[in-house]
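Chemist: What follows is work.txt; its format and atoms are compact mmCIF, N, CA and C atoms.
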# COMPACT_ATOMS: atom_id res chain seq x y z
N MET A 1 -79.36 15.50 -6.63
CA MET A 1 -79.69 15.09 -5.29
C MET A 1 -78.46 14.78 -4.47
N GLU A 2 -77.42 14.38 -5.16
CA GLU A 2 -76.18 14.08 -4.44
C GLU A 2 -75.65 15.32 -3.75
N LYS A 3 -75.82 16.46 -4.41
CA LYS A 3 -75.33 17.72 -3.82
C LYS A 3 -76.10 18.03 -2.55
N VAL A 4 -77.37 17.82 -2.59
CA VAL A 4 -78.19 18.07 -1.41
C VAL A 4 -77.77 17.14 -0.28
N SER A 5 -77.56 15.90 -0.61
CA SER A 5 -77.17 14.94 0.42
C SER A 5 -75.78 15.27 0.96
N LYS A 6 -74.90 15.74 0.10
CA LYS A 6 -73.56 16.11 0.58
C LYS A 6 -73.65 17.30 1.50
N SER A 7 -74.46 18.29 1.13
CA SER A 7 -74.59 19.44 2.01
C SER A 7 -75.27 19.05 3.32
N GLU A 8 -76.21 18.13 3.24
CA GLU A 8 -76.84 17.64 4.46
C GLU A 8 -75.83 16.91 5.32
N GLU A 9 -74.96 16.13 4.67
CA GLU A 9 -73.91 15.42 5.40
C GLU A 9 -72.97 16.42 6.07
N ASN A 10 -72.63 17.45 5.33
CA ASN A 10 -71.75 18.49 5.89
C ASN A 10 -72.41 19.15 7.09
N GLU A 11 -73.68 19.43 6.98
CA GLU A 11 -74.40 20.05 8.09
C GLU A 11 -74.41 19.12 9.30
N LYS A 12 -74.66 17.84 9.05
CA LYS A 12 -74.66 16.86 10.14
C LYS A 12 -73.30 16.80 10.81
N GLU A 13 -72.25 16.77 9.99
CA GLU A 13 -70.89 16.71 10.54
C GLU A 13 -70.60 17.96 11.38
N GLU A 14 -71.03 19.11 10.89
CA GLU A 14 -70.82 20.34 11.63
C GLU A 14 -71.55 20.32 12.97
N LYS A 15 -72.78 19.82 12.94
CA LYS A 15 -73.56 19.73 14.19
C LYS A 15 -72.88 18.79 15.17
N GLU A 16 -72.43 17.65 14.65
CA GLU A 16 -71.75 16.68 15.51
C GLU A 16 -70.47 17.30 16.10
N GLU A 17 -69.76 18.04 15.26
CA GLU A 17 -68.52 18.67 15.72
C GLU A 17 -68.81 19.71 16.79
N LYS A 18 -69.88 20.47 16.63
CA LYS A 18 -70.27 21.45 17.63
C LYS A 18 -70.63 20.77 18.94
N GLU A 19 -71.34 19.68 18.83
CA GLU A 19 -71.71 18.93 20.03
C GLU A 19 -70.47 18.42 20.75
N ARG A 20 -69.52 17.92 19.99
CA ARG A 20 -68.27 17.43 20.58
C ARG A 20 -67.54 18.57 21.27
N LYS A 21 -67.55 19.73 20.64
CA LYS A 21 -66.90 20.89 21.24
C LYS A 21 -67.56 21.26 22.56
N GLU A 22 -68.86 21.23 22.56
CA GLU A 22 -69.57 21.57 23.79
C GLU A 22 -69.28 20.56 24.89
N GLU A 23 -69.16 19.31 24.50
CA GLU A 23 -68.86 18.26 25.48
C GLU A 23 -67.46 18.44 26.04
N THR A 24 -66.55 18.88 25.22
CA THR A 24 -65.15 19.00 25.65
C THR A 24 -64.81 20.38 26.15
N LYS A 25 -65.80 21.21 26.41
CA LYS A 25 -65.52 22.54 26.92
C LYS A 25 -64.81 22.49 28.25
N GLU A 26 -64.98 21.41 28.91
CA GLU A 26 -64.32 21.29 30.21
C GLU A 26 -62.82 21.27 30.05
N ASP A 27 -62.32 20.65 28.98
CA ASP A 27 -60.88 20.66 28.71
C ASP A 27 -60.55 21.96 27.99
N SER A 28 -59.63 22.70 28.59
CA SER A 28 -59.28 23.99 27.99
C SER A 28 -58.27 23.84 26.86
N GLU A 29 -57.47 22.80 26.90
CA GLU A 29 -56.45 22.63 25.87
C GLU A 29 -57.04 22.45 24.48
N PRO A 30 -58.02 21.60 24.30
CA PRO A 30 -58.57 21.46 22.95
C PRO A 30 -59.13 22.78 22.43
N GLU A 31 -59.74 23.58 23.31
CA GLU A 31 -60.27 24.87 22.87
C GLU A 31 -59.15 25.79 22.42
N ILE A 32 -58.05 25.76 23.12
CA ILE A 32 -56.91 26.59 22.74
C ILE A 32 -56.38 26.15 21.39
N LYS A 33 -56.26 24.85 21.21
CA LYS A 33 -55.80 24.35 19.91
C LYS A 33 -56.77 24.77 18.82
N LEU A 34 -58.05 24.63 19.09
CA LEU A 34 -59.07 24.99 18.13
C LEU A 34 -59.01 26.49 17.84
N GLU A 35 -58.89 27.29 18.90
CA GLU A 35 -58.79 28.73 18.71
C GLU A 35 -57.54 29.09 17.93
N SER A 36 -56.42 28.41 18.22
CA SER A 36 -55.20 28.73 17.50
C SER A 36 -55.32 28.34 16.04
N LEU A 37 -56.03 27.25 15.77
CA LEU A 37 -56.27 26.88 14.37
C LEU A 37 -57.11 27.94 13.69
N GLU A 38 -58.19 28.35 14.38
CA GLU A 38 -59.04 29.37 13.80
C GLU A 38 -58.27 30.66 13.60
N ASN A 39 -57.44 31.04 14.54
CA ASN A 39 -56.65 32.26 14.41
C ASN A 39 -55.64 32.14 13.27
N SER A 40 -55.00 30.98 13.14
CA SER A 40 -54.04 30.83 12.05
C SER A 40 -54.75 30.89 10.71
N ASN A 41 -55.95 30.31 10.64
CA ASN A 41 -56.73 30.43 9.40
C ASN A 41 -57.08 31.88 9.14
N PHE A 42 -57.46 32.57 10.21
CA PHE A 42 -57.79 33.98 10.09
C PHE A 42 -56.56 34.77 9.66
N ASP A 43 -55.41 34.47 10.29
CA ASP A 43 -54.17 35.16 9.90
C ASP A 43 -53.82 34.88 8.46
N THR A 44 -53.94 33.62 8.06
CA THR A 44 -53.65 33.27 6.66
C THR A 44 -54.58 34.01 5.73
N LEU A 45 -55.85 34.02 6.10
CA LEU A 45 -56.82 34.74 5.30
C LEU A 45 -56.48 36.22 5.26
N PHE A 46 -56.09 36.75 6.44
CA PHE A 46 -55.71 38.15 6.50
C PHE A 46 -54.48 38.41 5.64
N GLN A 47 -53.49 37.51 5.67
CA GLN A 47 -52.30 37.65 4.83
C GLN A 47 -52.68 37.60 3.37
N ASP A 48 -53.55 36.64 3.02
CA ASP A 48 -54.00 36.55 1.63
C ASP A 48 -54.70 37.84 1.22
N THR A 49 -55.52 38.35 2.12
CA THR A 49 -56.25 39.59 1.83
C THR A 49 -55.27 40.74 1.66
N SER A 50 -54.29 40.80 2.55
CA SER A 50 -53.31 41.89 2.43
C SER A 50 -52.49 41.73 1.15
N GLU A 51 -52.20 40.49 0.78
CA GLU A 51 -51.50 40.26 -0.49
C GLU A 51 -52.37 40.71 -1.66
N PHE A 52 -53.66 40.41 -1.57
CA PHE A 52 -54.57 40.86 -2.62
C PHE A 52 -54.65 42.39 -2.65
N GLU A 53 -54.66 42.98 -1.44
CA GLU A 53 -54.71 44.44 -1.38
C GLU A 53 -53.44 45.03 -1.97
N LEU A 54 -52.28 44.42 -1.67
CA LEU A 54 -51.02 44.89 -2.25
C LEU A 54 -51.05 44.74 -3.76
N ALA A 55 -51.53 43.59 -4.22
CA ALA A 55 -51.62 43.37 -5.67
C ALA A 55 -52.57 44.37 -6.30
N ALA A 56 -53.68 44.63 -5.60
CA ALA A 56 -54.64 45.60 -6.12
C ALA A 56 -54.02 47.00 -6.16
N ASP A 57 -53.27 47.34 -5.12
CA ASP A 57 -52.58 48.64 -5.09
C ASP A 57 -51.58 48.74 -6.24
N ARG A 58 -50.84 47.67 -6.44
CA ARG A 58 -49.86 47.66 -7.53
C ARG A 58 -50.56 47.80 -8.87
N LEU A 59 -51.65 47.08 -9.04
CA LEU A 59 -52.40 47.18 -10.29
C LEU A 59 -52.93 48.59 -10.49
N GLU A 60 -53.39 49.19 -9.42
CA GLU A 60 -53.89 50.56 -9.52
C GLU A 60 -52.76 51.52 -9.89
N GLN A 61 -51.58 51.31 -9.31
CA GLN A 61 -50.43 52.14 -9.66
C GLN A 61 -50.06 51.95 -11.13
N VAL A 62 -50.09 50.70 -11.58
CA VAL A 62 -49.79 50.42 -12.99
C VAL A 62 -50.82 51.10 -13.89
N LEU A 63 -52.09 51.01 -13.50
CA LEU A 63 -53.13 51.66 -14.29
C LEU A 63 -52.93 53.17 -14.34
N LYS A 64 -52.59 53.77 -13.19
CA LYS A 64 -52.34 55.21 -13.17
C LYS A 64 -51.14 55.55 -14.06
N SER A 65 -50.10 54.72 -13.98
CA SER A 65 -48.92 54.95 -14.82
C SER A 65 -49.30 54.83 -16.29
N MET A 66 -50.10 53.84 -16.61
CA MET A 66 -50.53 53.65 -18.00
C MET A 66 -51.37 54.84 -18.47
N GLU A 67 -52.26 55.32 -17.60
CA GLU A 67 -53.06 56.49 -17.96
C GLU A 67 -52.17 57.69 -18.20
N THR A 68 -51.18 57.86 -17.34
CA THR A 68 -50.24 58.97 -17.50
C THR A 68 -49.48 58.83 -18.81
N LEU A 69 -49.02 57.60 -19.08
CA LEU A 69 -48.29 57.37 -20.33
C LEU A 69 -49.18 57.63 -21.54
N LEU A 70 -50.41 57.18 -21.47
CA LEU A 70 -51.33 57.41 -22.59
C LEU A 70 -51.58 58.90 -22.80
N THR A 71 -51.70 59.63 -21.69
CA THR A 71 -51.87 61.08 -21.78
C THR A 71 -50.64 61.71 -22.41
N ASP A 72 -49.45 61.27 -21.96
CA ASP A 72 -48.20 61.79 -22.52
C ASP A 72 -48.10 61.47 -24.01
N VAL A 73 -48.47 60.25 -24.38
CA VAL A 73 -48.42 59.85 -25.79
C VAL A 73 -49.37 60.71 -26.61
N GLU A 74 -50.56 60.95 -26.09
CA GLU A 74 -51.53 61.79 -26.79
C GLU A 74 -51.00 63.22 -26.94
N ASP A 75 -50.38 63.74 -25.88
CA ASP A 75 -49.79 65.08 -25.94
C ASP A 75 -48.68 65.13 -26.99
N LEU A 76 -47.81 64.10 -26.98
CA LEU A 76 -46.72 64.05 -27.96
C LEU A 76 -47.26 63.94 -29.38
N ARG A 77 -48.31 63.13 -29.54
CA ARG A 77 -48.91 62.98 -30.87
C ARG A 77 -49.47 64.32 -31.34
N ASN A 78 -50.15 65.03 -30.47
CA ASN A 78 -50.69 66.34 -30.84
C ASN A 78 -49.57 67.32 -31.16
N GLN A 79 -48.52 67.29 -30.35
CA GLN A 79 -47.38 68.18 -30.57
C GLN A 79 -46.70 67.86 -31.90
N CYS A 80 -46.51 66.57 -32.19
CA CYS A 80 -45.90 66.17 -33.46
C CYS A 80 -46.78 66.55 -34.64
N SER A 81 -48.06 66.40 -34.47
CA SER A 81 -49.00 66.78 -35.53
C SER A 81 -48.92 68.28 -35.80
N PHE A 82 -48.88 69.05 -34.73
CA PHE A 82 -48.76 70.51 -34.87
C PHE A 82 -47.45 70.88 -35.55
N GLN A 83 -46.34 70.27 -35.11
CA GLN A 83 -45.04 70.56 -35.71
C GLN A 83 -45.00 70.12 -37.17
N ALA A 84 -45.63 69.00 -37.47
CA ALA A 84 -45.66 68.53 -38.86
C ALA A 84 -46.41 69.53 -39.74
N SER A 85 -47.51 70.06 -39.25
CA SER A 85 -48.25 71.05 -40.04
C SER A 85 -47.42 72.32 -40.20
N GLU A 86 -46.70 72.71 -39.15
CA GLU A 86 -45.82 73.88 -39.26
C GLU A 86 -44.71 73.64 -40.28
N LEU A 87 -44.13 72.44 -40.26
CA LEU A 87 -43.07 72.11 -41.22
C LEU A 87 -43.60 72.09 -42.65
N MET A 88 -44.81 71.57 -42.83
CA MET A 88 -45.40 71.55 -44.17
C MET A 88 -45.63 72.98 -44.67
N GLN A 89 -46.08 73.86 -43.78
CA GLN A 89 -46.30 75.26 -44.15
C GLN A 89 -44.96 75.92 -44.49
N ALA A 90 -43.94 75.66 -43.66
CA ALA A 90 -42.61 76.23 -43.92
C ALA A 90 -42.06 75.71 -45.25
N THR A 91 -42.28 74.44 -45.54
CA THR A 91 -41.82 73.86 -46.81
C THR A 91 -42.51 74.54 -47.99
N ALA A 92 -43.82 74.74 -47.87
CA ALA A 92 -44.56 75.41 -48.94
C ALA A 92 -44.04 76.84 -49.13
N ASP A 93 -43.78 77.54 -48.01
CA ASP A 93 -43.24 78.90 -48.10
C ASP A 93 -41.88 78.92 -48.78
N LEU A 94 -41.02 77.97 -48.42
CA LEU A 94 -39.68 77.90 -49.03
C LEU A 94 -39.76 77.59 -50.52
N LYS A 95 -40.69 76.71 -50.91
CA LYS A 95 -40.84 76.40 -52.34
C LYS A 95 -41.30 77.64 -53.10
N GLN A 96 -42.22 78.40 -52.51
CA GLN A 96 -42.69 79.62 -53.16
C GLN A 96 -41.54 80.63 -53.28
N GLN A 97 -40.75 80.79 -52.22
CA GLN A 97 -39.60 81.69 -52.27
C GLN A 97 -38.61 81.24 -53.33
N GLN A 98 -38.40 79.91 -53.42
CA GLN A 98 -37.48 79.38 -54.42
C GLN A 98 -37.95 79.73 -55.84
N GLU A 99 -39.24 79.57 -56.10
CA GLU A 99 -39.79 79.92 -57.42
C GLU A 99 -39.62 81.41 -57.69
N GLU A 100 -39.90 82.25 -56.68
CA GLU A 100 -39.73 83.69 -56.85
C GLU A 100 -38.27 84.04 -57.13
N LEU A 101 -37.34 83.38 -56.43
CA LEU A 101 -35.91 83.63 -56.66
C LEU A 101 -35.49 83.18 -58.06
N LYS A 102 -36.03 82.04 -58.52
CA LYS A 102 -35.71 81.58 -59.88
C LYS A 102 -36.17 82.60 -60.91
N GLU A 103 -37.40 83.09 -60.73
CA GLU A 103 -37.93 84.09 -61.66
C GLU A 103 -37.10 85.37 -61.61
N SER A 104 -36.75 85.79 -60.40
CA SER A 104 -35.94 86.99 -60.23
C SER A 104 -34.57 86.82 -60.87
N TYR A 105 -33.96 85.65 -60.67
CA TYR A 105 -32.65 85.37 -61.27
C TYR A 105 -32.74 85.39 -62.80
N ALA A 106 -33.80 84.78 -63.34
CA ALA A 106 -33.96 84.76 -64.80
C ALA A 106 -34.12 86.18 -65.34
N GLU A 107 -34.91 87.02 -64.64
CA GLU A 107 -35.09 88.41 -65.07
C GLU A 107 -33.78 89.18 -64.98
N MET A 108 -33.02 89.00 -63.91
CA MET A 108 -31.73 89.68 -63.77
C MET A 108 -30.75 89.21 -64.84
N ALA A 109 -30.79 87.93 -65.15
CA ALA A 109 -29.90 87.41 -66.19
C ALA A 109 -30.23 88.04 -67.54
N ARG A 110 -31.53 88.20 -67.86
CA ARG A 110 -31.93 88.87 -69.11
C ARG A 110 -31.45 90.32 -69.11
N GLU A 111 -31.66 91.03 -67.98
CA GLU A 111 -31.23 92.42 -67.88
C GLU A 111 -29.72 92.53 -68.04
N MET A 112 -28.99 91.61 -67.44
CA MET A 112 -27.52 91.62 -67.54
C MET A 112 -27.08 91.40 -69.00
N GLN A 113 -27.77 90.48 -69.66
CA GLN A 113 -27.44 90.23 -71.06
C GLN A 113 -27.72 91.47 -71.91
N ASP A 114 -28.84 92.15 -71.60
CA ASP A 114 -29.15 93.39 -72.32
C ASP A 114 -28.06 94.44 -72.08
N ILE A 115 -27.60 94.53 -70.84
CA ILE A 115 -26.53 95.48 -70.50
C ILE A 115 -25.25 95.12 -71.25
N VAL A 116 -24.90 93.82 -71.25
CA VAL A 116 -23.68 93.38 -71.95
C VAL A 116 -23.81 93.70 -73.44
N ASP A 117 -25.00 93.41 -74.01
CA ASP A 117 -25.21 93.71 -75.43
C ASP A 117 -25.07 95.21 -75.69
N SER A 118 -25.65 96.05 -74.80
CA SER A 118 -25.56 97.50 -74.96
C SER A 118 -24.11 97.97 -74.87
N VAL A 119 -23.35 97.43 -73.92
CA VAL A 119 -21.95 97.81 -73.76
C VAL A 119 -21.16 97.41 -75.00
N GLU A 120 -21.39 96.20 -75.52
CA GLU A 120 -20.68 95.76 -76.74
C GLU A 120 -21.02 96.68 -77.91
N GLU A 121 -22.31 97.06 -78.00
CA GLU A 121 -22.72 97.96 -79.09
C GLU A 121 -22.04 99.32 -78.94
N LEU A 122 -22.01 99.81 -77.69
CA LEU A 122 -21.35 101.09 -77.44
C LEU A 122 -19.85 101.02 -77.75
N LEU A 123 -19.22 99.93 -77.39
CA LEU A 123 -17.79 99.76 -77.68
C LEU A 123 -17.57 99.70 -79.19
N GLY A 124 -18.49 99.00 -79.87
CA GLY A 124 -18.38 98.95 -81.34
C GLY A 124 -18.56 100.33 -81.95
N THR A 125 -19.52 101.08 -81.43
CA THR A 125 -19.75 102.44 -81.93
C THR A 125 -18.56 103.31 -81.63
N LYS A 126 -17.99 103.17 -80.46
CA LYS A 126 -16.80 103.95 -80.07
C LYS A 126 -15.63 103.63 -80.99
N SER A 127 -15.44 102.34 -81.22
CA SER A 127 -14.33 101.93 -82.11
C SER A 127 -14.53 102.49 -83.51
N ALA A 128 -15.76 102.42 -83.98
CA ALA A 128 -16.04 102.96 -85.32
C ALA A 128 -15.82 104.47 -85.34
N PHE A 129 -16.28 105.15 -84.30
CA PHE A 129 -16.09 106.59 -84.21
C PHE A 129 -14.62 106.96 -84.17
N GLU A 130 -13.84 106.24 -83.36
CA GLU A 130 -12.41 106.50 -83.25
C GLU A 130 -11.71 106.24 -84.59
N ALA A 131 -12.17 105.18 -85.24
CA ALA A 131 -11.56 104.88 -86.55
C ALA A 131 -11.85 106.00 -87.54
N LYS A 132 -13.08 106.51 -87.55
CA LYS A 132 -13.42 107.60 -88.45
C LYS A 132 -12.67 108.87 -88.07
N GLU A 133 -12.49 109.10 -86.81
CA GLU A 133 -11.75 110.28 -86.34
C GLU A 133 -10.30 110.21 -86.80
N LYS A 134 -9.69 109.04 -86.69
CA LYS A 134 -8.30 108.87 -87.13
C LYS A 134 -8.19 109.08 -88.64
N GLU A 135 -9.19 108.56 -89.34
CA GLU A 135 -9.17 108.73 -90.80
C GLU A 135 -9.35 110.20 -91.16
N THR A 136 -10.24 110.87 -90.40
CA THR A 136 -10.46 112.29 -90.64
C THR A 136 -9.17 113.06 -90.37
N GLN A 137 -8.45 112.75 -89.32
CA GLN A 137 -7.19 113.42 -88.99
C GLN A 137 -6.14 113.13 -90.06
N ARG A 138 -6.09 111.93 -90.52
CA ARG A 138 -5.13 111.56 -91.54
C ARG A 138 -5.44 112.30 -92.85
N LEU A 139 -6.74 112.37 -93.18
CA LEU A 139 -7.13 113.08 -94.42
C LEU A 139 -6.86 114.57 -94.28
N SER A 140 -7.10 115.09 -93.11
CA SER A 140 -6.86 116.52 -92.93
C SER A 140 -5.36 116.82 -92.98
N ARG A 141 -4.50 115.93 -92.65
CA ARG A 141 -3.04 116.14 -92.75
C ARG A 141 -2.60 116.08 -94.20
N GLN A 142 -3.29 115.26 -94.91
CA GLN A 142 -2.92 115.12 -96.33
C GLN A 142 -3.30 116.38 -97.09
N PHE A 143 -4.24 117.07 -96.79
CA PHE A 143 -4.64 118.29 -97.49
C PHE A 143 -3.79 119.38 -97.05
For this file, write the structure as structure tokens.

Modeler:
Amino acid sequence: MEKVSKSEENEKEEKEEKERKEETKEDSEPEIKLESLENSNFDTLFQDTSEFELAADRLEQVLKSMETLLTDVEDLRNQCSFQASELMQATADLKQQQEELKESYAEMAREMQDIVDSVEELLGTKSAFEAKEKETQRLSRQF
């Protein structure tokens, strides 16, 4: 009930103030002061509103910047994900090539050893043949 009575009191005060204003309409100075007060309140309100509008504009710019940044981050994440999958594929390909090269090297090493063994055998056969030829020549001189 106190709230009702306070609002009633406010209404009464406003009515009384309006009546006083009407009574003093004859004096132009009080009206000018009153108008200037009302205008300054209006200007202050207008300044506050413009400050709010500026703040709202700034917030909107920040939001747009954040949206742009989030879009850029998402693009970078997708790009990194794509590059990571490409790198994983390249790594798998290189490992497979490495295994193939190891197998190829092992096969070539076996073939080389076979060639070395064949050459040593041929050299041994040649040496034996030459030795028999020399012996044959020596025996043929003796006869």

Chemist: Report, in Å with one decimal, the straight-line distance from CA of Phe52 in chain A to CA of Leu69 in chain A.

Modeler: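 So the answer is 25.0 Å.
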
Chemist: Using atom N of Asp117 in chain A and atom C of Glu100 in chain A as the two end points, give the distance in Å to one decimal.

Modeler: 23.4 Å

Chemist: Provide the CA of Ala56 in chain A to CA of Asp75 in chain A distance in Å, to one decimal place.

Modeler: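 Distance between the two atoms: 28.2 Å.
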
Chemist: Please reconstruct the missing atoms of range 82-99 of chain A (target: N, CA, C and O atoms) and return them as a short mmCIF file (atom, residue, chain, number, x, y, z; two decimals), keeping the file's coordinate frame.

Modeler:
data_model
loop_
_atom_site.label_atom_id
_atom_site.label_comp_id
_atom_site.auth_asym_id
_atom_site.auth_seq_id
_atom_site.Cartn_x
_atom_site.Cartn_y
_atom_site.Cartn_z
N PHE A 82 -48.88 69.05 -34.73
CA PHE A 82 -48.76 70.51 -34.87
C PHE A 82 -47.45 70.88 -35.55
O PHE A 82 -47.43 71.69 -36.48
N GLN A 83 -46.34 70.27 -35.11
CA GLN A 83 -45.04 70.56 -35.71
C GLN A 83 -45.00 70.12 -37.17
O GLN A 83 -44.39 70.79 -38.01
N ALA A 84 -45.63 69.00 -37.47
CA ALA A 84 -45.66 68.53 -38.86
C ALA A 84 -46.41 69.53 -39.74
O ALA A 84 -45.96 69.84 -40.86
N SER A 85 -47.51 70.06 -39.25
CA SER A 85 -48.25 71.05 -40.04
C SER A 85 -47.42 72.32 -40.20
O SER A 85 -47.42 72.94 -41.28
N GLU A 86 -46.70 72.71 -39.15
CA GLU A 86 -45.82 73.88 -39.26
C GLU A 86 -44.71 73.64 -40.28
O GLU A 86 -44.39 74.52 -41.08
N LEU A 87 -44.13 72.44 -40.26
CA LEU A 87 -43.07 72.11 -41.22
C LEU A 87 -43.60 72.09 -42.65
O LEU A 87 -42.93 72.54 -43.58
N MET A 88 -44.81 71.57 -42.83
CA MET A 88 -45.40 71.55 -44.17
C MET A 88 -45.63 72.98 -44.67
O MET A 88 -45.39 73.29 -45.83
N GLN A 89 -46.08 73.86 -43.78
CA GLN A 89 -46.30 75.26 -44.15
C GLN A 89 -44.96 75.92 -44.49
O GLN A 89 -44.85 76.65 -45.48
N ALA A 90 -43.94 75.66 -43.66
CA ALA A 90 -42.61 76.23 -43.92
C ALA A 90 -42.06 75.71 -45.25
O ALA A 90 -41.45 76.47 -46.02
N THR A 91 -42.28 74.44 -45.54
CA THR A 91 -41.82 73.86 -46.81
C THR A 91 -42.51 74.54 -47.99
O THR A 91 -41.87 74.88 -48.99
N ALA A 92 -43.82 74.74 -47.87
CA ALA A 92 -44.56 75.41 -48.94
C ALA A 92 -44.04 76.84 -49.13
O ALA A 92 -43.87 77.30 -50.28
N ASP A 93 -43.78 77.54 -48.01
CA ASP A 93 -43.24 78.90 -48.10
C ASP A 93 -41.88 78.92 -48.78
O ASP A 93 -41.61 79.77 -49.64
N LEU A 94 -41.02 77.97 -48.42
CA LEU A 94 -39.68 77.90 -49.03
C LEU A 94 -39.76 77.59 -50.52
O LEU A 94 -39.00 78.15 -51.32
N LYS A 95 -40.69 76.71 -50.91
CA LYS A 95 -40.84 76.40 -52.34
C LYS A 95 -41.30 77.64 -53.10
O LYS A 95 -40.83 77.90 -54.21
N GLN A 96 -42.22 78.40 -52.51
CA GLN A 96 -42.69 79.62 -53.16
C GLN A 96 -41.54 80.63 -53.28
O GLN A 96 -41.36 81.24 -54.34
N GLN A 97 -40.75 80.79 -52.22
CA GLN A 97 -39.60 81.69 -52.27
C GLN A 97 -38.61 81.24 -53.33
O GLN A 97 -38.02 82.06 -54.05
N GLN A 98 -38.40 79.91 -53.42
CA GLN A 98 -37.48 79.38 -54.42
C GLN A 98 -37.95 79.73 -55.84
O GLN A 98 -37.15 80.15 -56.68
N GLU A 99 -39.24 79.57 -56.10
CA GLU A 99 -39.79 79.92 -57.42
C GLU A 99 -39.62 81.41 -57.69
O GLU A 99 -39.22 81.80 -58.79
#
